[in-house]
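Inspection log for the structure reproduced underneath, given as C-alpha cells.
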Amino acid sequence: MYGDDATVRKILTESGDTWAVVGLSSNRGRAAYGVAEVLQRYGKRIVPVHPKAETVHGEQGYPSLEAIPFEVDVVDVFVNSDLAGPVADEAISKGAKAVWFQLGVIDETAYDRARAAGLDMVMDRCPAIEIPRLG
C-alpha cells in the first residue's frame with residue numbers, strides 16, 4: 001500500500017484545504033466529479049485542472065497546475081498512470097505539500113520522486129472513501 005493511515009490522515013487534516021483536482025471536468029459521469037463534490041462537503045476548496053479549464057462545482061478551472069495563480073496544498077490526480085508521473089513532477093514544482101493518486105493510478109517512480117522532494121504522497125486510494133473511514 002502506498003500511504004499508510006497516518007499519511008492519509010495528515011494529508012486530509014493538516015496539509016491544507018486547497019486541492020487541485022487534475023482531470024476534473026464538468027462530466028458528471030466521471031469519478032473526479034463526485035470526489036470533488038465530497039471534498040467540498042468536507043471543507044476543501046477544489047481547483048479543477050483540465051485542458052478545457054471549465055468551471056466545476058462553482059470553482060474556476062485551469063488548464064494546468066502551472067496556470068493556477070495561487071498556492072495549492074494537495075494535488076489530487078485523476079489521470080491514467082502513464083500520465084501521472086509528470087503531474088507529480090508539476091506538483092513538486094508548484095510547491096504542493098502532498099500528492100494523491102486516485103484508485104488505480106500507480107507510478108512507483110513518481111511516488112519515490114515526490115517523497116524524495118519532501119511531499120507526502122498517497123497512491124491507489126480515494127479521499128472520498130478515506131475521509132469517512134478515518135473520521
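Simple scheme: letters A, B, ... for chains in C-alpha cells order, numbers from 1 for residues in each chain, numbers from 1 for ligands in the order shown.
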
Hey, what does DSSP flag as alpha helix (DSSP H) within segment 28-135 of chain A? Can you give it to me as a PDB file with C-alpha atoms, in the first residue's frame?
```pdb
ATOM      1  CA  ALA A  31     -15.254   9.760 -10.682  1.00  0.00           C
ATOM      2  CA  ALA A  32     -13.420  13.079 -10.306  1.00  0.00           C
ATOM      3  CA  TYR A  33     -16.727  14.952 -10.379  1.00  0.00           C
ATOM      4  CA  GLY A  34     -18.189  13.060  -7.421  1.00  0.00           C
ATOM      5  CA  VAL A  35     -14.963  13.001  -5.427  1.00  0.00           C
ATOM      6  CA  ALA A  36     -14.551  16.769  -5.827  1.00  0.00           C
ATOM      7  CA  GLU A  37     -18.091  17.192  -4.530  1.00  0.00           C
ATOM      8  CA  VAL A  38     -17.235  15.123  -1.439  1.00  0.00           C
ATOM      9  CA  LEU A  39     -14.057  17.152  -0.870  1.00  0.00           C
ATOM     10  CA  GLN A  40     -16.108  20.348  -0.960  1.00  0.00           C
ATOM     11  CA  ARG A  41     -18.603  18.897   1.519  1.00  0.00           C
ATOM     12  CA  SER A  81      -0.972   6.010 -14.579  1.00  0.00           C
ATOM     13  CA  ASP A  82       1.217   6.671 -17.630  1.00  0.00           C
ATOM     14  CA  LEU A  83       0.395  10.407 -17.375  1.00  0.00           C
ATOM     15  CA  ALA A  84       0.550  10.671 -13.588  1.00  0.00           C
ATOM     16  CA  GLY A  85       4.330  10.964 -13.180  1.00  0.00           C
ATOM     17  CA  PRO A  86       4.577  14.320 -14.964  1.00  0.00           C
ATOM     18  CA  VAL A  87       1.686  15.604 -12.841  1.00  0.00           C
ATOM     19  CA  ALA A  88       3.568  14.619  -9.679  1.00  0.00           C
ATOM     20  CA  ASP A  89       6.597  16.495 -11.018  1.00  0.00           C
ATOM     21  CA  GLU A  90       4.414  19.574 -11.637  1.00  0.00           C
ATOM     22  CA  ALA A  91       3.082  19.298  -8.083  1.00  0.00           C
ATOM     23  CA  ILE A  92       6.657  19.313  -6.780  1.00  0.00           C
ATOM     24  CA  SER A  93       7.486  22.368  -8.913  1.00  0.00           C
ATOM     25  CA  LYS A  94       4.271  24.104  -7.820  1.00  0.00           C
ATOM     26  CA  GLU A 108       6.144   3.955  -8.172  1.00  0.00           C
ATOM     27  CA  THR A 109       8.947   6.148  -9.524  1.00  0.00           C
ATOM     28  CA  ALA A 110       6.715   9.237  -9.250  1.00  0.00           C
ATOM     29  CA  TYR A 111       5.889   8.184  -5.688  1.00  0.00           C
ATOM     30  CA  ASP A 112       9.597   7.952  -4.892  1.00  0.00           C
ATOM     31  CA  ARG A 113      10.325  11.351  -6.516  1.00  0.00           C
ATOM     32  CA  ALA A 114       7.554  13.088  -4.597  1.00  0.00           C
ATOM     33  CA  ARG A 115       8.654  11.560  -1.287  1.00  0.00           C
ATOM     34  CA  ALA A 116      12.301  12.444  -2.003  1.00  0.00           C
ATOM     35  CA  PRO A 127     -10.119  10.595  -0.327  1.00  0.00           C
ATOM     36  CA  ALA A 128     -13.903  10.215  -0.667  1.00  0.00           C
ATOM     37  CA  ILE A 129     -13.502   6.739   0.835  1.00  0.00           C
ATOM     38  CA  GLU A 130     -10.798   7.662   3.341  1.00  0.00           C
ATOM     39  CA  ILE A 131     -12.431  10.780   4.871  1.00  0.00           C
ATOM     40  CA  PRO A 132     -15.410   8.911   6.380  1.00  0.00           C
ATOM     41  CA  ARG A 133     -13.309   5.817   7.143  1.00  0.00           C
ATOM     42  CA  LEU A 134     -10.783   7.733   9.226  1.00  0.00           C
TER      43      LEU A 134
END
```

| field | 7 Å contact set for Lys97 of chain A, only C-alpha atoms, chain neighbours under 4 positions out, as a VMD selection string | value | chain A and resid 15 73 to 74 119 to 120

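The neighbours of segment 2-14 of chain A here are the residues that come within 6 Å of it, using only C-alpha atoms and leaving out any residue fewer than 2 positions away in the same chain; they are Gly16, Val122 and Met123 of chain A.
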
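Of the residues listed (A:Ala117, A:Asp107, A:Val77, A:Ala20), A:Ala20 shows the shortest atom-to-atom separation from Val47 of chain A; distances use only C-alpha atoms.
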